[in-house]
>>> print(open('target.txt').read())   # compact mmCIF, C-alpha atoms
# COMPACT_ATOMS: atom_id res chain seq x y z
CA MET A 653 4.54 -4.31 -19.55
CA ILE A 654 2.95 -3.20 -16.28
CA LEU A 655 2.40 -5.96 -13.72
CA GLY A 656 -0.22 -5.30 -11.06
CA HIS A 657 0.24 -7.04 -7.71
CA ILE A 658 -1.73 -7.58 -4.52
CA GLY A 659 -0.36 -9.27 -1.42
CA ALA A 660 -3.06 -10.88 0.72
CA ARG A 661 -1.84 -13.10 3.53
CA LYS A 662 -4.28 -15.51 5.20
CA GLY A 663 -3.46 -14.64 8.79
CA SER A 664 -4.45 -11.40 10.53
CA LYS A 665 -4.31 -10.75 14.25
CA GLY A 666 -6.04 -7.37 14.31
CA VAL A 667 -9.05 -8.30 12.12
CA PRO A 668 -9.19 -12.09 11.59
CA GLY A 669 -9.79 -13.06 7.96
CA LYS A 670 -9.98 -9.41 6.92
CA ASN A 671 -8.62 -9.78 3.38
CA PHE A 672 -11.54 -11.97 2.30
CA ARG A 673 -14.15 -10.46 4.63
CA ASP A 674 -17.15 -8.79 3.01
CA LEU A 675 -16.94 -5.01 2.75
CA CYS A 676 -20.02 -3.36 1.30
CA GLY A 677 -20.95 -6.29 -0.90
CA LYS A 678 -17.66 -7.83 -1.95
CA PRO A 679 -14.50 -9.22 -0.36
CA LEU A 680 -11.97 -6.66 0.83
CA ILE A 681 -9.41 -7.94 -1.69
CA ASP A 682 -11.74 -7.10 -4.59
CA TRP A 683 -11.64 -3.39 -3.79
CA SER A 684 -8.00 -3.60 -4.92
CA LEU A 685 -8.18 -6.49 -7.40
CA ASP A 686 -11.01 -5.11 -9.53
CA PRO A 687 -9.32 -1.73 -10.18
CA LEU A 688 -6.20 -3.55 -11.39
CA LEU A 689 -8.13 -5.88 -13.67
CA GLU A 690 -10.16 -2.97 -15.05
CA ASN A 691 -7.24 -0.57 -15.62
CA PRO A 692 -6.27 -0.45 -19.33
CA GLN A 693 -2.66 0.41 -18.44
CA VAL A 694 -2.19 -2.81 -16.46
CA ASP A 695 -1.16 -5.75 -18.65
CA ALA A 696 -1.21 -8.57 -16.10
CA VAL A 697 -2.23 -9.04 -12.47
CA VAL A 698 -0.87 -11.37 -9.81
CA VAL A 699 -2.08 -12.06 -6.26
CA SER A 700 0.45 -13.37 -3.75
CA THR A 701 -1.29 -15.29 -0.98
CA ASP A 702 -1.03 -18.39 1.19
CA ASP A 703 -4.83 -18.72 1.30
CA GLU A 704 -6.24 -21.33 -1.10
CA GLU A 705 -9.72 -19.78 -1.23
CA MET A 706 -8.44 -16.28 -2.00
CA TYR A 707 -5.99 -17.67 -4.52
CA ALA A 708 -8.67 -19.60 -6.43
CA HIS A 709 -10.92 -16.52 -6.32
CA ALA A 710 -8.20 -14.30 -7.78
CA VAL A 711 -7.20 -16.74 -10.54
CA ALA A 712 -10.85 -17.22 -11.51
CA LYS A 713 -11.12 -13.45 -11.94
CA GLY A 714 -8.06 -13.34 -14.21
CA ALA A 715 -4.94 -13.22 -12.02
CA LEU A 716 -1.86 -15.17 -13.07
CA ASP A 717 -1.66 -18.75 -11.80
CA ILE A 718 1.73 -18.61 -10.04
CA GLY A 719 0.85 -20.92 -7.16
CA LEU A 720 0.58 -20.19 -3.46
CA ARG A 721 3.10 -17.99 -1.69
CA PRO A 722 6.04 -19.91 -0.15
CA ALA A 723 5.64 -20.57 3.58
CA GLU A 724 8.67 -18.46 4.52
CA LEU A 725 6.98 -15.43 2.95
CA ALA A 726 3.67 -16.00 4.75
CA THR A 727 4.74 -15.22 8.33
CA ASP A 728 4.03 -12.12 10.42
CA SER A 729 7.64 -11.05 10.04
CA ALA A 730 8.06 -11.68 6.30
CA PRO A 731 9.08 -8.40 4.63
CA LYS A 732 6.92 -6.90 1.89
CA TRP A 733 10.05 -6.52 -0.26
CA GLY A 734 10.69 -10.27 -0.36
CA VAL A 735 7.05 -10.96 -1.24
CA TRP A 736 7.30 -8.49 -4.11
CA GLN A 737 10.54 -10.02 -5.37
CA HIS A 738 9.03 -13.50 -5.41
CA ALA A 739 5.85 -12.35 -7.15
CA LEU A 740 7.82 -10.49 -9.81
CA GLU A 741 10.04 -13.43 -10.67
CA ALA A 742 7.22 -15.99 -10.60
CA SER A 743 5.12 -13.78 -12.88
CA GLN A 744 7.97 -12.87 -15.22
CA ALA A 745 8.56 -16.58 -15.85
CA MET A 746 5.01 -16.84 -17.23
CA LEU A 747 4.94 -13.67 -19.30
CA GLY A 748 6.21 -13.29 -22.82
CA GLN A 749 7.41 -9.70 -22.29
CA GLU A 750 9.73 -8.00 -19.82
CA VAL A 751 7.97 -6.29 -16.92
CA THR A 752 8.74 -2.56 -17.01
CA ALA A 753 6.79 -1.47 -13.91
CA PHE A 754 5.70 -3.40 -10.80
CA LEU A 755 2.47 -1.86 -9.47
CA ASP A 756 1.39 -2.86 -5.96
CA LEU A 757 -1.88 -2.07 -4.20
CA ASP A 758 -2.24 -2.92 -0.52
CA CYS A 759 -5.29 -5.09 0.02
CA THR A 760 -6.02 -3.20 3.23
CA SER A 761 -6.28 0.24 1.57
CA PRO A 762 -9.62 0.00 -0.25
CA LEU A 763 -10.54 3.70 -0.39
CA ARG A 764 -8.26 4.56 -3.32
CA LEU A 765 -9.77 5.91 -6.52
CA PRO A 766 -8.86 4.81 -10.08
CA GLU A 767 -7.07 8.11 -10.64
CA ASP A 768 -4.73 7.33 -7.75
CA ILE A 769 -3.43 4.36 -9.74
CA THR A 770 -3.08 6.23 -13.02
CA GLY A 771 -1.54 9.22 -11.26
CA ALA A 772 1.16 7.08 -9.67
CA LEU A 773 1.89 5.39 -12.99
CA ASP A 774 2.12 8.76 -14.75
CA LEU A 775 4.52 10.06 -12.07
CA PHE A 776 6.68 6.96 -12.43
CA ALA A 777 6.80 7.38 -16.21
CA SER A 778 7.65 11.09 -16.10
CA ALA A 779 10.09 11.20 -13.16
CA ALA A 780 11.78 7.81 -13.75
CA PRO A 781 12.56 7.11 -10.06
CA ASP A 782 13.40 3.75 -8.58
CA MET A 783 10.06 3.80 -6.82
CA VAL A 784 6.90 5.87 -6.36
CA MET A 785 5.32 5.55 -2.91
CA SER A 786 1.90 6.84 -1.87
CA VAL A 787 1.93 9.13 1.17
CA CYS A 788 -0.34 11.60 2.91
CA GLU A 789 0.63 14.55 5.05
CA SER A 790 1.01 13.39 8.64
CA ARG A 791 -1.39 14.72 11.28
CA LYS A 792 1.44 14.64 13.82
CA ASN A 793 4.89 16.12 13.26
CA PRO A 794 8.09 14.93 15.00
CA TYR A 795 9.52 18.48 14.84
CA PHE A 796 6.48 19.97 16.58
CA ASN A 797 3.96 17.76 18.40
CA MET A 798 5.43 14.26 18.58
CA VAL A 799 7.30 13.66 21.84
CA GLU A 800 9.30 10.87 23.44
CA PRO A 801 10.77 10.30 26.91
CA ASP A 802 14.47 10.94 27.50
CA GLU A 803 16.66 8.84 29.80
CA THR A 804 15.05 10.45 32.85
CA GLY A 805 11.50 9.85 31.63
CA ALA A 806 10.89 13.53 30.83
CA LEU A 807 9.23 14.30 27.49
CA GLN A 808 11.17 15.95 24.67
CA VAL A 809 10.26 16.78 21.08
CA SER A 810 11.18 13.77 18.95
CA LYS A 811 13.24 15.75 16.41
CA PRO A 812 14.22 19.08 17.99
CA LEU A 813 15.49 21.91 15.81
CA PRO A 814 17.64 24.85 17.00
CA GLY A 815 15.36 27.45 18.55
CA GLY A 816 12.42 25.08 18.52
CA VAL A 817 9.31 24.97 16.34
CA TRP A 818 6.31 26.70 17.95
CA ALA A 819 3.78 26.59 15.10
CA ARG A 820 2.90 23.58 12.99
CA GLN A 821 3.10 25.53 9.72
CA ASN A 822 6.77 26.29 10.46
CA ALA A 823 7.73 22.64 10.90
CA PRO A 824 9.30 20.65 8.03
CA VAL A 825 6.72 18.65 6.09
CA VAL A 826 6.55 14.98 7.02
CA TYR A 827 4.43 12.24 5.48
CA ASP A 828 2.73 9.04 6.52
CA HIS A 829 3.79 6.09 4.39
CA VAL A 830 0.52 4.53 3.18
CA GLY A 831 -0.22 1.45 1.08
CA VAL A 832 -2.59 2.95 -1.46
CA VAL A 833 -0.24 2.48 -4.42
CA TYR A 834 3.41 1.75 -5.15
CA VAL A 835 5.17 1.64 -8.51
CA VAL A 836 8.61 0.03 -8.56
CA ALA A 837 11.24 -0.34 -11.27
CA PRO A 838 11.77 -4.11 -11.69
CA ASP A 839 15.57 -3.86 -11.84
CA TYR A 840 15.54 -1.95 -8.54
CA LEU A 841 13.20 -4.49 -6.97
CA ARG A 842 15.52 -7.31 -7.99
CA SER A 843 18.75 -5.69 -6.82
CA ALA A 844 17.84 -3.75 -3.68
CA GLU A 845 17.43 -5.35 -0.26
CA THR A 846 15.06 -2.76 1.21
CA ILE A 847 12.65 -0.10 -0.01
CA TYR A 848 14.74 3.01 0.65
CA GLU A 849 18.08 2.13 -0.97
CA GLY A 850 17.33 4.04 -4.15
CA ARG A 851 15.40 7.14 -5.21
CA VAL A 852 11.94 6.74 -3.70
CA ILE A 853 9.65 9.70 -4.42
CA PRO A 854 6.28 10.62 -2.85
CA PHE A 855 2.90 10.49 -4.50
CA VAL A 856 0.83 12.67 -2.18
CA LEU A 857 -2.82 11.75 -1.63
CA PRO A 858 -5.58 13.17 0.60
CA ALA A 859 -5.75 11.54 4.01
CA GLU A 860 -9.36 10.39 3.58
CA ARG A 861 -8.27 7.92 0.88
CA CYS A 862 -5.34 6.59 2.90
CA LEU A 863 -7.00 4.73 5.75
CA ASP A 864 -5.54 1.26 6.28
CA VAL A 865 -7.38 -1.64 7.94
CA ASP A 866 -5.29 -2.88 10.86
CA SER A 867 -7.83 -3.00 13.69
CA PRO A 868 -11.58 -3.40 14.26
CA LEU A 869 -11.85 0.38 14.63
CA ASP A 870 -10.12 0.84 11.26
CA TRP A 871 -12.62 -1.56 9.68
CA THR A 872 -15.55 0.37 11.12
CA MET A 873 -14.19 3.67 9.82
CA VAL A 874 -13.39 2.33 6.36
CA GLU A 875 -16.77 0.63 6.08
CA PHE A 876 -18.54 3.87 7.04
CA LEU A 877 -16.60 5.91 4.47
CA MET A 878 -17.16 3.30 1.75
CA LYS A 879 -20.91 3.33 2.41
CA GLU A 880 -20.87 7.13 2.22
CA ARG A 881 -18.99 7.00 -1.08
CA LEU A 882 -21.34 4.40 -2.59
CA ALA A 883 -24.30 6.56 -1.54
CA GLY A 884 -22.73 9.56 -3.26
CA ARG A 885 -22.13 11.48 -0.06
CA PHE A 886 -18.32 11.18 0.06
>>> encode(input="target.txt", output="structure tokens")
Amino acid sequence: MILGHIGARKGSKGVPGKNFRDLCGKPLIDWSLDPLLENPQVDAVVVSTDDEEMYAHAVAKGALDIGLRPAELATDSAPKWGVWQHALEASQAMLGQEVTAFLDLDCTSPLRLPEDITGALDLFASAAPDMVMSVCESRKNPYFNMVEPDETGALQVSKPLPGGVWARQNAPVVYDHVGVVYVVAPDYLRSAETIYEGRVIPFVLPAERCLDVDSPLDWTMVEFLMKERLAGRF
């Protein structure tokens, strides 16, 4: 049984109320919730939130009625991992079958396509890792063009290699961790304390589908790209 999950906290400092704010005709959360509810591979869907309006909205659309997120998991500092663990156990208690894959979509990554979800599930099924994580190739590379000050304040390459790296194509590949899609083995989610304890493998996506809404500028960019997509231009 595949359990789809969305975490949508009420508070947001960068874009107040963003998770339920209208984006191109529907709340931001629905750009993640609808693909889960419509995916034939997904057997059940749960939304973890401390917002009563979003919770009622999600349950009315077909999400499991697990109750609001506990207060200790609704703070700025609450780790995603703990939210996932709670949602898994609360959902498992309501389901008649054992969950075999925990599928999470970040509410703030609305530009994913349906094939991003099925692709991640297929990779999880074929490679049998502890976790599949969506990534995109980073525009900046710590071996080449990311720098940081040393103890004197002088800039140095963040991760220097012997002899240096003088062309981007010669630098080791690095990825941005993005919230488009995650697939986690339930036993790993229950037993691990953090994301990277086990075998976490990348699911590489194009950067244009990996924008995350954290600021008003992000919202403007995502809204523009969504309008372009809906108009058939992107």
>>> atom_distance(input="target.txt", atom1="CA of Pro858 (chain A)", atom2="CA of Met785 (chain A)")
13.8 Å
>>> closest_residue(input="target.txt", among="A:Glu789, A:Asp782, A:Asp768, A:Asp758", to="Gly850 (chain A)", atoms="all atoms listed in the file")
A:Asp782
>>> residues_around(input="target.txt", residues="Pro692 (chain A)", least_positions_apart="5", cutoff="12 Å", atoms="all atoms listed in the file", output="VMD selection string")
chain A and resid 653 to 656 686 to 687 697 766 769 to 770 773
>>> residues_around(input="target.txt", residues="Ala745 (chain A)", least_positions_apart="5", cutoff="12 Å", atoms="only C-alpha atoms", output="compact mmCIF listing (two decimals) with C-alpha atoms, in the frame of the given file")
# COMPACT_ATOMS: atom_id res chain seq x y z
CA LEU A 716 -1.86 -15.17 -13.07
CA ASP A 717 -1.66 -18.75 -11.80
CA ILE A 718 1.73 -18.61 -10.04
CA HIS A 738 9.03 -13.50 -5.41
CA ALA A 739 5.85 -12.35 -7.15
CA LEU A 740 7.82 -10.49 -9.81
CA GLU A 750 9.73 -8.00 -19.82
CA VAL A 751 7.97 -6.29 -16.92
>>> residues_around(input="target.txt", residues="Ala710 (chain A)", least_positions_apart="4", cutoff="8 Å", atoms="only C-alpha atoms", output="CSV table (one decimal) with C-alpha atoms, in the coordinates of the input")
chain,number,residue,atom,x,y,z
A,685,LEU,CA,-8.2,-6.5,-7.4
A,699,VAL,CA,-2.1,-12.1,-6.3
A,706,MET,CA,-8.4,-16.3,-2.0
A,714,GLY,CA,-8.1,-13.3,-14.2
A,715,ALA,CA,-4.9,-13.2,-12.0
>>> closest_residue(input="target.txt", among="A:Gly748, A:Gly677, A:Pro781, A:Pro762", to="Ala837 (chain A)", atoms="all atoms listed in the file")
A:Pro781
>>> residues_around(input="target.txt", residues="region 870-880 of chain A", least_positions_apart="6", cutoff="9 Å", atoms="only C-alpha atoms", output="list in words")
Val667, Lys670, Leu675, Cys676, Ser761, Pro762, Leu763, Glu860, Leu863, Asp864 and Phe886 of chain A
>>> write_last_selection(input="target.txt", atoms="C-alpha atoms", output="CSV table (one decimal), in the coordinates of the input")
chain,number,residue,atom,x,y,z
A,667,VAL,CA,-9.0,-8.3,12.1
A,670,LYS,CA,-10.0,-9.4,6.9
A,675,LEU,CA,-16.9,-5.0,2.8
A,676,CYS,CA,-20.0,-3.4,1.3
A,761,SER,CA,-6.3,0.2,1.6
A,762,PRO,CA,-9.6,0.0,-0.2
A,763,LEU,CA,-10.5,3.7,-0.4
A,860,GLU,CA,-9.4,10.4,3.6
A,863,LEU,CA,-7.0,4.7,5.8
A,864,ASP,CA,-5.5,1.3,6.3
A,886,PHE,CA,-18.3,11.2,0.1
>>> residues_around(input="target.txt", residues="Gly734 (chain A)", least_positions_apart="6", cutoff="9 Å", atoms="all atoms listed in the file", output="ChimeraX atom specification")
/A:725,845-846
>>> atom_distance(input="target.txt", atom1="CA of Asp728 (chain A)", atom2="CA of Lys678 (chain A)")
25.3 Å
>>> closest_residue(input="target.txt", among="A:Pro801, A:Gly663, A:Pro794, A:Pro838", to="Thr752 (chain A)", atoms="only C-alpha atoms")
A:Pro838
>>> axis_aligned_box(input="target.txt", around="region 780-798 of chain A", padding_each_side="4 Å", output="lines of an AutoDock Vina configuration file")
center_x = 6.0
center_y = 11.9
center_z = 2.4
size_x = 22.8
size_y = 24.2
size_z = 40.3
>>> residues_near_point(input="target.txt", point="(5.3, 14.4, 18.3)", cutoff="12 Å", atoms="only C-alpha atoms", output="ChimeraX atom specification")
/A:790-801,807-812,817,820,823,826
>>> atom_distance(input="target.txt", atom1="CA of Trp733 (chain A)", atom2="CA of Ser778 (chain A)")
23.8 Å
>>> closest_residue(input="target.txt", among="A:Trp818, A:Trp683, A:Tyr834, A:Phe672", to="Ala708 (chain A)", atoms="only C-alpha atoms")
A:Phe672
>>> closest_residue(input="target.txt", among="A:Arg851, A:Arg861, A:Arg721, A:Lys732", to="Glu767 (chain A)", atoms="all atoms listed in the file")
A:Arg861
>>> closest_residue(input="target.txt", among="A:Pro722, A:Gly771, A:Pro679, A:Pro824", to="Gln693 (chain A)", atoms="all atoms listed in the file")
A:Gly771
>>> build_atoms(input="target.txt", residues="region 753-781 of chain A", atoms="N, CA and C atoms", output="short mmCIF file (atom, residue, chain, number, x, y, z; two decimals), keeping the file's coordinate frame")
data_model
loop_
_atom_site.label_atom_id
_atom_site.label_comp_id
_atom_site.auth_asym_id
_atom_site.auth_seq_id
_atom_site.Cartn_x
_atom_site.Cartn_y
_atom_site.Cartn_z
N ALA A 753 7.24 -2.14 -15.13
CA ALA A 753 6.79 -1.47 -13.91
C ALA A 753 6.03 -2.48 -13.06
N PHE A 754 6.37 -2.53 -11.77
CA PHE A 754 5.70 -3.40 -10.80
C PHE A 754 4.79 -2.50 -9.97
N LEU A 755 3.49 -2.70 -10.09
CA LEU A 755 2.47 -1.86 -9.47
C LEU A 755 1.80 -2.63 -8.34
N ASP A 756 1.97 -2.17 -7.11
CA ASP A 756 1.39 -2.86 -5.96
C ASP A 756 0.30 -2.03 -5.31
N LEU A 757 -0.81 -2.68 -4.99
CA LEU A 757 -1.88 -2.07 -4.20
C LEU A 757 -2.03 -2.88 -2.92
N ASP A 758 -1.99 -2.22 -1.77
CA ASP A 758 -2.24 -2.92 -0.52
C ASP A 758 -3.71 -3.32 -0.43
N CYS A 759 -3.94 -4.58 -0.12
CA CYS A 759 -5.29 -5.09 0.02
C CYS A 759 -6.08 -4.34 1.09
N THR A 760 -5.37 -3.83 2.09
CA THR A 760 -6.02 -3.20 3.23
C THR A 760 -6.23 -1.70 3.07
N SER A 761 -6.04 -1.18 1.85
CA SER A 761 -6.28 0.24 1.57
C SER A 761 -7.33 0.37 0.47
N PRO A 762 -8.60 0.10 0.79
CA PRO A 762 -9.62 0.00 -0.25
C PRO A 762 -10.23 1.32 -0.71
N LEU A 763 -9.87 2.44 -0.08
CA LEU A 763 -10.54 3.70 -0.39
C LEU A 763 -9.89 4.48 -1.54
N ARG A 764 -8.89 3.88 -2.17
CA ARG A 764 -8.26 4.56 -3.32
C ARG A 764 -9.26 4.74 -4.45
N LEU A 765 -8.99 5.69 -5.31
CA LEU A 765 -9.77 5.91 -6.52
C LEU A 765 -8.95 5.48 -7.74
N PRO A 766 -9.61 5.21 -8.87
CA PRO A 766 -8.86 4.81 -10.08
C PRO A 766 -7.79 5.81 -10.47
N GLU A 767 -8.06 7.11 -10.26
CA GLU A 767 -7.07 8.11 -10.64
C GLU A 767 -5.82 8.09 -9.76
N ASP A 768 -5.92 7.49 -8.58
CA ASP A 768 -4.73 7.33 -7.75
C ASP A 768 -3.75 6.36 -8.41
N ILE A 769 -4.28 5.33 -9.05
CA ILE A 769 -3.43 4.36 -9.74
C ILE A 769 -2.80 5.00 -10.97
N THR A 770 -3.62 5.63 -11.80
CA THR A 770 -3.08 6.23 -13.02
C THR A 770 -2.13 7.38 -12.70
N GLY A 771 -2.43 8.13 -11.64
CA GLY A 771 -1.54 9.22 -11.26
C GLY A 771 -0.17 8.73 -10.83
N ALA A 772 -0.13 7.65 -10.08
CA ALA A 772 1.16 7.08 -9.67
C ALA A 772 1.93 6.54 -10.86
N LEU A 773 1.23 5.89 -11.78
CA LEU A 773 1.89 5.39 -12.99
C LEU A 773 2.43 6.53 -13.84
N ASP A 774 1.68 7.60 -13.96
CA ASP A 774 2.12 8.76 -14.75
C ASP A 774 3.36 9.40 -14.10
N LEU A 775 3.37 9.49 -12.77
CA LEU A 775 4.52 10.06 -12.07
C LEU A 775 5.75 9.19 -12.27
N PHE A 776 5.57 7.89 -12.21
CA PHE A 776 6.68 6.96 -12.43
C PHE A 776 7.24 7.11 -13.84
N ALA A 777 6.35 7.25 -14.82
CA ALA A 777 6.80 7.38 -16.21
C ALA A 777 7.52 8.69 -16.45
N SER A 778 7.07 9.77 -15.83
CA SER A 778 7.65 11.09 -16.10
C SER A 778 8.91 11.36 -15.28
N ALA A 779 8.96 10.89 -14.04
CA ALA A 779 10.09 11.20 -13.16
C ALA A 779 11.17 10.12 -13.18
N ALA A 780 10.84 8.92 -13.65
CA ALA A 780 11.78 7.81 -13.75
C ALA A 780 12.55 7.54 -12.46
N PRO A 781 11.87 7.44 -11.31
CA PRO A 781 12.56 7.11 -10.06
C PRO A 781 12.74 5.60 -9.95
#
